[in-house]
file final-v4.txt (compact mmCIF, C-alpha atoms and all ligand atoms)
# COMPACT_ATOMS: atom_id res chain seq x y z
CA MET A 1 89.25 14.34 23.33
CA LEU A 2 89.83 12.35 26.46
CA PRO A 3 86.74 10.15 26.29
CA LEU A 4 87.54 9.30 22.67
CA LEU A 5 91.06 8.32 23.59
CA LEU A 6 89.77 6.13 26.37
CA LEU A 7 87.38 4.44 23.97
CA ALA A 8 89.97 3.86 21.30
CA PRO A 9 91.40 0.56 22.60
CA ILE A 10 87.88 -0.85 22.97
CA ALA A 11 86.92 0.16 19.44
CA ALA A 12 90.03 -1.59 18.14
CA ARG A 13 88.75 -4.92 19.41
CA SER A 14 86.95 -6.51 16.52
CA ALA A 15 86.76 -9.97 15.04
CA ASN A 16 84.93 -11.76 12.23
CA VAL A 17 83.18 -15.06 12.91
CA LEU A 18 81.90 -17.19 10.02
CA VAL A 19 79.31 -19.86 10.82
CA CYS A 20 78.85 -22.36 7.94
CA TYR A 21 76.46 -25.27 7.83
CA HIS A 22 75.03 -27.94 5.60
CA SER A 23 71.40 -28.66 6.37
CA ILE A 24 68.69 -30.77 4.78
CA THR A 25 66.03 -30.98 7.48
CA ASN A 26 66.90 -27.46 8.75
CA TYR A 27 67.98 -28.70 12.19
CA THR A 28 71.65 -27.98 11.47
CA HIS A 29 70.61 -24.56 10.20
CA GLN A 30 68.82 -23.99 13.53
CA LEU A 31 71.89 -24.96 15.54
CA ALA A 32 74.03 -22.77 13.27
CA ALA A 33 71.68 -19.86 14.00
CA ALA A 34 72.14 -20.47 17.74
CA VAL A 35 75.94 -20.45 17.35
CA ALA A 36 75.75 -17.23 15.31
CA GLU A 37 73.48 -15.64 17.92
CA GLY A 38 75.92 -16.52 20.69
CA ALA A 39 78.80 -15.08 18.70
CA LEU A 40 77.09 -11.69 18.30
CA GLN A 41 78.94 -9.56 20.80
CA PRO A 42 80.20 -5.98 20.69
CA GLY A 43 82.99 -5.80 18.15
CA VAL A 44 82.17 -9.16 16.57
CA HIS A 45 80.86 -9.41 13.02
CA VAL A 46 79.05 -12.64 12.26
CA ARG A 47 78.15 -14.28 8.95
CA LEU A 48 75.75 -17.22 8.96
CA GLN A 49 75.62 -19.06 5.65
CA SER A 50 75.27 -22.46 4.05
CA ILE A 51 78.40 -24.12 2.71
CA ALA A 52 77.00 -23.76 -0.81
CA ARG A 53 77.13 -19.98 -0.43
CA THR A 54 80.55 -19.86 1.22
CA ASP A 55 83.65 -18.98 -0.76
CA VAL A 56 86.86 -20.29 0.75
CA GLU A 57 89.00 -17.44 -0.59
CA SER A 58 86.82 -14.41 0.11
CA ASP A 59 84.73 -15.55 3.10
CA MET A 60 87.26 -17.66 4.92
CA LEU A 61 90.80 -16.74 4.05
CA GLN A 62 90.21 -13.02 3.61
CA TRP A 63 87.33 -12.25 5.96
CA ALA A 64 87.04 -14.73 8.83
CA ASP A 65 89.11 -14.78 12.00
CA ALA A 66 87.14 -17.75 13.28
CA ILE A 67 85.31 -20.46 11.31
CA VAL A 68 82.59 -22.61 12.85
CA ILE A 69 81.29 -25.50 10.74
CA GLY A 70 78.32 -27.78 11.26
CA SER A 71 77.01 -30.92 9.62
CA PRO A 72 74.18 -33.38 10.07
CA VAL A 73 74.94 -37.01 10.86
CA HIS A 74 74.42 -39.17 7.77
CA TYR A 75 74.87 -42.88 8.44
CA GLY A 76 77.37 -42.09 11.18
CA ASN A 77 79.42 -39.66 9.15
CA PRO A 78 79.33 -35.99 8.15
CA SER A 79 77.08 -35.43 5.15
CA ALA A 80 78.53 -36.19 1.74
CA ALA A 81 78.00 -32.53 0.83
CA MET A 82 80.17 -31.42 3.77
CA LEU A 83 82.98 -33.81 2.88
CA ALA A 84 82.74 -32.92 -0.82
CA TRP A 85 82.96 -29.24 0.10
CA PHE A 86 86.30 -29.90 1.78
CA GLU A 87 87.59 -32.13 -0.98
CA ARG A 88 86.62 -29.71 -3.75
CA SER A 89 86.59 -26.21 -2.32
CA TRP A 90 89.09 -26.31 0.54
CA GLU A 91 91.54 -28.69 -1.08
CA PRO A 92 93.27 -26.11 -3.34
CA PHE A 93 94.10 -24.18 -0.16
CA TRP A 94 95.42 -27.18 1.77
CA LYS A 95 98.74 -25.55 2.61
CA ASP A 96 97.64 -21.94 2.52
CA PRO A 97 99.45 -20.28 5.44
CA ARG A 98 96.51 -17.93 5.97
CA PHE A 99 94.60 -20.76 7.67
CA GLU A 100 97.18 -20.82 10.46
CA GLY A 101 96.20 -18.55 13.29
CA LYS A 102 92.51 -18.80 12.49
CA LEU A 103 90.29 -20.30 15.15
CA GLY A 104 87.67 -22.97 14.55
CA ALA A 105 84.89 -24.90 16.23
CA VAL A 106 82.28 -27.46 15.18
CA PHE A 107 78.70 -28.56 15.70
CA ALA A 108 76.54 -31.46 14.56
CA THR A 109 72.93 -32.56 14.62
CA GLY A 110 71.66 -36.11 14.43
CA GLY A 111 68.42 -37.98 14.85
CA GLY A 112 69.77 -40.51 17.34
CA LEU A 113 71.41 -40.24 20.73
CA ALA A 114 74.07 -42.77 19.81
CA GLN A 115 74.05 -42.96 16.02
CA GLY A 116 77.36 -41.32 15.22
CA ILE A 117 77.00 -37.74 16.41
CA GLU A 118 80.27 -37.75 18.37
CA HIS A 119 82.03 -39.30 15.38
CA VAL A 120 80.79 -36.44 13.23
CA VAL A 121 82.03 -33.89 15.77
CA ALA A 122 85.44 -35.62 15.80
CA SER A 123 85.48 -35.81 12.01
CA LEU A 124 84.76 -32.08 11.66
CA LEU A 125 87.51 -31.31 14.19
CA ARG A 126 89.92 -33.42 12.13
CA LEU A 127 88.93 -31.59 8.94
CA LEU A 128 89.76 -28.24 10.57
CA ALA A 129 92.97 -29.67 12.04
CA SER A 130 93.99 -30.81 8.54
CA PHE A 131 94.06 -27.14 7.58
CA ARG A 132 95.93 -26.26 10.82
CA ILE A 133 93.00 -24.25 12.17
CA GLN A 134 93.22 -24.08 15.97
CA THR A 135 90.04 -25.56 17.31
CA ILE A 136 88.21 -24.36 20.38
CA THR A 137 86.28 -26.83 22.50
CA PRO A 138 83.97 -25.99 25.38
CA ALA A 139 85.10 -26.67 28.92
CA PRO A 140 84.62 -30.35 29.75
CA THR A 141 81.68 -31.19 31.99
CA ARG A 142 80.21 -34.47 33.18
CA SER A 143 76.71 -33.50 32.15
CA GLY A 144 77.07 -31.25 29.13
CA TYR A 145 75.76 -31.32 25.60
CA ASP A 146 78.88 -29.81 24.15
CA SER A 147 82.21 -31.32 25.26
CA TYR A 148 83.94 -31.23 21.86
CA GLY A 149 81.54 -28.98 20.01
CA ALA A 150 77.81 -28.26 20.12
CA ILE A 151 75.38 -31.03 19.26
CA ALA A 152 71.64 -31.50 18.98
CA VAL A 153 69.63 -34.70 18.95
CA THR A 154 66.53 -34.24 16.83
CA ALA A 155 64.53 -37.44 16.30
CA THR A 156 64.70 -39.26 19.63
CA TRP A 157 62.18 -38.73 22.41
CA PRO A 158 62.06 -36.32 24.27
CA PHE A 159 64.00 -34.21 21.76
CA ASN A 160 61.90 -35.09 18.71
CA ALA A 161 60.18 -31.80 18.00
CA SER A 162 60.34 -29.54 14.96
CA ASN A 163 62.45 -27.04 16.90
CA LEU A 164 65.67 -27.90 18.68
CA ALA A 165 65.36 -28.61 22.41
CA ILE A 166 66.43 -25.68 24.54
CA PRO A 167 69.59 -27.24 26.07
CA PHE A 168 70.97 -27.79 22.56
CA VAL A 169 70.18 -24.22 21.54
CA GLN A 170 71.92 -22.99 24.68
CA ALA A 171 74.96 -25.18 23.98
CA GLY A 172 75.12 -23.70 20.48
CA GLN A 173 74.88 -20.17 21.82
CA ALA A 174 77.57 -20.91 24.43
CA LEU A 175 79.89 -22.25 21.74
CA GLY A 176 79.35 -19.15 19.59
CA SER A 177 80.03 -16.90 22.53
CA LEU A 178 83.21 -18.81 23.43
CA VAL A 179 84.52 -18.60 19.86
CA ALA A 180 83.75 -14.87 19.67
CA ALA A 181 85.52 -14.20 22.97
CA ALA A 182 88.55 -16.20 21.86
CA ALA A 183 88.65 -14.39 18.51
CA LEU A 184 88.51 -11.00 20.23
CA GLN A 185 91.20 -12.04 22.68
CA ALA A 186 93.45 -13.23 19.86
CA GLN A 187 92.97 -9.91 18.06
CA GLU A 188 93.88 -8.06 21.23
CA ARG A 189 97.10 -10.00 21.66
CA SER A 190 98.09 -9.19 18.13
CA PRO A 191 95.77 -6.49 16.73
CA GLY A 192 95.08 -6.97 13.03
CA ASN A 193 98.16 -9.10 12.71
CA TRP A 194 97.84 -12.84 13.17
CA PRO A 195 100.98 -14.84 13.78
CA ARG A 196 101.79 -16.35 10.40
CA PRO A 197 104.61 -18.42 9.02
CA GLN A 198 107.00 -16.68 6.66
CA PRO A 199 105.88 -16.89 3.02
CA SER A 200 109.37 -18.13 2.19
CA ASP A 201 108.78 -21.20 4.36
CA SER A 202 109.48 -24.10 2.02
CA ARG A 203 106.51 -26.07 3.35
CA TYR A 204 104.23 -23.67 1.52
CA SER A 205 103.97 -22.92 -2.15
CA ALA A 206 101.19 -21.79 -4.42
CA SER A 207 101.15 -25.13 -6.17
CA SER A 208 100.72 -27.19 -2.98
CA ARG A 209 97.83 -29.57 -3.45
CA GLY A 210 96.00 -31.78 -1.01
CA PRO A 211 97.14 -35.25 -0.04
CA PHE A 212 95.16 -36.99 -2.79
C1 LIG A 301 65.42 -22.94 9.20
O1 LIG A 301 66.04 -22.46 10.38
C2 LIG A 301 66.34 -21.09 10.35
C3 LIG A 301 67.13 -20.77 11.61
O2 LIG A 301 66.42 -21.09 12.76
C4 LIG A 301 65.06 -20.28 10.21
O3 LIG A 301 65.37 -18.90 10.16
C5 LIG A 301 64.34 -20.70 8.94
O4 LIG A 301 63.11 -20.05 8.85
C6 LIG A 301 64.14 -22.20 8.93
N1 LIG A 301 63.63 -22.60 7.62
C7 LIG A 301 62.59 -23.38 7.49
C8 LIG A 301 62.22 -23.73 6.09
O5 LIG A 301 61.97 -23.81 8.47
C1 LIG A 302 58.31 -38.20 19.73
O1 LIG A 302 58.50 -39.56 20.06
C2 LIG A 302 57.47 -40.08 20.86
C3 LIG A 302 57.91 -41.46 21.31
O2 LIG A 302 58.26 -42.26 20.22
C4 LIG A 302 56.17 -40.06 20.08
O3 LIG A 302 55.12 -40.56 20.86
C5 LIG A 302 55.87 -38.63 19.67
O4 LIG A 302 54.73 -38.57 18.85
C6 LIG A 302 57.05 -38.01 18.93
N1 LIG A 302 56.80 -36.59 18.71
C7 LIG A 302 56.94 -36.03 17.51
C8 LIG A 302 56.65 -34.57 17.43
O5 LIG A 302 57.25 -36.65 16.51

call {"tool": "encode", "arguments": {"input": "final-v4.txt", "output": "structure tokens"}}
result
Amino acid sequence: MLPLLLLAPIAARSANVLVCYHSITNYTHQLAAAVAEGALQPGVHVRLQSIARTDVESDMLQWADAIVIGSPVHYGNPSAAMLAWFERSWEPFWKDPRFEGKLGAVFATGGGLAQGIEHVVASLLRLLASFRIQTITPAPTRSGYDSYGAIAVTATWPFNASNLAIPFVQAGQALGSLVAAAALQAQERSPGNWPRPQPSDSRYSASSRGPF
């Protein structure tokens, strides 16, 4: 009995991490796979899926403890598909209190070194913040690839290969691992019971719609 009892608190640590991406050239899919790989730790369940296959109610609100989203850079902005996903699929849940207490993080891939990739990272962070998801950013460094999220440059020498350059893959893995650790820690603080606002809170109602 004793060994089982000692193991029990460890077994109770578990968290679900959802990694969602939109990808056309497959580079964002590759970075998403690196994030998912980094998130795979004991006690952590990971789902890696495209936004088209992701259901906001069942995958996000019911299943995920942490949500990591990634987009390519399209003309300096997140892809239209990513923005449309928020405007169509997330919008009905704009004020859903279940988003509060979830953790989030972001990643982006772009052809150029300075063609909007940081703007896309910032835009994705704002999208998550609009739903009151607490975002996790890597520790700041002077020489990193990942200060506000993970990124990968894909069409500029010397990074212009069909597979992502190794430092970008490592930054993706590090972000996934950070998110998983934070999700586990949050579960430990409050096992199976995220801090949530009271349903009677007048800010929230089933009919709440987005700001447009
Ligand atoms: C896209 O990337 C994923 C993740 O690295 C990989 O599993 C898949 O085979 C790639 N698809 C294509 C068409 O290259
Ligand atoms: C990467 O860019 C360099 C410099 O423009 C070019 O010579 C090289 O062929 C490119 N490599 C690939 C795989 O496109």

call {"tool": "atom_distance", "arguments": {"input": "final-v4.txt", "atom1": "atom CA of A:Glu100", "atom2": "atom CA of A:Ala181"}}
result
18.3 Å

call {"tool": "closest_residue", "arguments": {"input": "final-v4.txt", "among": "A:Val17, A:Val179, A:Val153, A:Ile24", "to": "ligand LIG 302 (chain A)", "atoms": "all atoms listed in the file"}}
result
A:Val153

call {"tool": "closest_atom_pairs", "arguments": {"input": "final-v4.txt", "of": "chain A", "to": "ligand LIG 302 (chain A)", "cutoff": "7 Å", "atoms": "all atoms listed in the file", "output": "Markdown table"}}
result
| residue | atom | partner | partner_atom | distance |
| --- | --- | --- | --- | --- |
| A:Thr156 | CA | A:LIG302 | O1 | 6.2 |
| A:Trp157 | CA | A:LIG302 | O1 | 4.4 |
| A:Pro158 | CA | A:LIG302 | C1 | 6.2 |
| A:Asn160 | CA | A:LIG302 | C1 | 4.9 |
| A:Ala161 | CA | A:LIG302 | C8 | 4.5 |
| A:Ser162 | CA | A:LIG302 | C8 | 6.7 |

call {"tool": "closest_residue", "arguments": {"input": "final-v4.txt", "among": "A:Ala165, A:Ala171, A:Ala152, A:Ile117", "to": "A:Pro138", "atoms": "only C-alpha atoms"}}
result
A:Ala171

call {"tool": "closest_atom_pairs", "arguments": {"input": "final-v4.txt", "of": "chain A", "to": "ligand LIG 301 (chain A)", "cutoff": "7 Å", "atoms": "only C-alpha atoms and all ligand atoms", "output": "CSV"}}
result
residue,atom,partner,partner_atom,distance
A:Asn26,CA,A:LIG301,C1,4.8
A:Tyr27,CA,A:LIG301,O1,6.8
A:His29,CA,A:LIG301,O1,5.0
A:Gln30,CA,A:LIG301,O2,3.8
A:Ala33,CA,A:LIG301,C3,5.2

call {"tool": "residues_around", "arguments": {"input": "final-v4.txt", "residues": "stretch 126-132 of chain A", "least_positions_apart": "4", "cutoff": "10 Å", "atoms": "all atoms listed in the file", "output": "CSV table (one decimal) with C-alpha atoms, in the frame of the given file"}}
result
chain,number,residue,atom,x,y,z
A,67,ILE,CA,85.3,-20.5,11.3
A,68,VAL,CA,82.6,-22.6,12.8
A,69,ILE,CA,81.3,-25.5,10.7
A,83,LEU,CA,83.0,-33.8,2.9
A,86,PHE,CA,86.3,-29.9,1.8
A,90,TRP,CA,89.1,-26.3,0.5
A,91,GLU,CA,91.5,-28.7,-1.1
A,93,PHE,CA,94.1,-24.2,-0.2
A,94,TRP,CA,95.4,-27.2,1.8
A,95,LYS,CA,98.7,-25.6,2.6
A,96,ASP,CA,97.6,-21.9,2.5
A,97,PRO,CA,99.4,-20.3,5.4
A,98,ARG,CA,96.5,-17.9,6.0
A,99,PHE,CA,94.6,-20.8,7.7
A,100,GLU,CA,97.2,-20.8,10.5
A,101,GLY,CA,96.2,-18.6,13.3
A,102,LYS,CA,92.5,-18.8,12.5
A,103,LEU,CA,90.3,-20.3,15.2
A,104,GLY,CA,87.7,-23.0,14.6
A,105,ALA,CA,84.9,-24.9,16.2
A,106,VAL,CA,82.3,-27.5,15.2
A,120,VAL,CA,80.8,-36.4,13.2
A,121,VAL,CA,82.0,-33.9,15.8
A,122,ALA,CA,85.4,-35.6,15.8
A,210,GLY,CA,96.0,-31.8,-1.0

call {"tool": "closest_residue", "arguments": {"input": "final-v4.txt", "among": "A:Ala34, A:Val46, A:Ala183, A:Ile136", "to": "A:Ile166", "atoms": "all atoms listed in the file"}}
result
A:Ala34

call {"tool": "atom_distance", "arguments": {"input": "final-v4.txt", "atom1": "atom CA of A:Val169", "atom2": "atom CA of A:Leu124"}}
result
19.3 Å

call {"tool": "atom_distance", "arguments": {"input": "final-v4.txt", "atom1": "atom CA of A:Ile133", "atom2": "atom CA of A:Arg53"}}
result
20.7 Å

call {"tool": "residues_around", "arguments": {"input": "final-v4.txt", "residues": "A:Gly116", "least_positions_apart": "2", "cutoff": "12 Å", "atoms": "all atoms listed in the file", "output": "mmCIF file with C-alpha atoms, keeping the file's coordinate frame"}}
result
data_model
loop_
_atom_site.group_PDB
_atom_site.id
_atom_site.type_symbol
_atom_site.label_atom_id
_atom_site.label_comp_id
_atom_site.auth_asym_id
_atom_site.auth_seq_id
_atom_site.Cartn_x
_atom_site.Cartn_y
_atom_site.Cartn_z
ATOM 1 C CA SER A 71 77.010 -30.920 9.620
ATOM 2 C CA PRO A 72 74.180 -33.380 10.070
ATOM 3 C CA VAL A 73 74.940 -37.010 10.860
ATOM 4 C CA HIS A 74 74.420 -39.170 7.770
ATOM 5 C CA TYR A 75 74.870 -42.880 8.440
ATOM 6 C CA GLY A 76 77.370 -42.090 11.180
ATOM 7 C CA ASN A 77 79.420 -39.660 9.150
ATOM 8 C CA PRO A 78 79.330 -35.990 8.150
ATOM 9 C CA SER A 79 77.080 -35.430 5.150
ATOM 10 C CA ALA A 108 76.540 -31.460 14.560
ATOM 11 C CA THR A 109 72.930 -32.560 14.620
ATOM 12 C CA GLY A 110 71.660 -36.110 14.430
ATOM 13 C CA GLY A 111 68.420 -37.980 14.850
ATOM 14 C CA GLY A 112 69.770 -40.510 17.340
ATOM 15 C CA LEU A 113 71.410 -40.240 20.730
ATOM 16 C CA ALA A 114 74.070 -42.770 19.810
ATOM 17 C CA GLU A 118 80.270 -37.750 18.370
ATOM 18 C CA HIS A 119 82.030 -39.300 15.380
ATOM 19 C CA VAL A 120 80.790 -36.440 13.230
ATOM 20 C CA VAL A 121 82.030 -33.890 15.770
ATOM 21 C CA ALA A 122 85.440 -35.620 15.800
ATOM 22 C CA SER A 123 85.480 -35.810 12.010
ATOM 23 C CA ILE A 151 75.380 -31.030 19.260
ATOM 24 C CA ALA A 152 71.640 -31.500 18.980
ATOM 25 C CA VAL A 153 69.630 -34.700 18.950
#
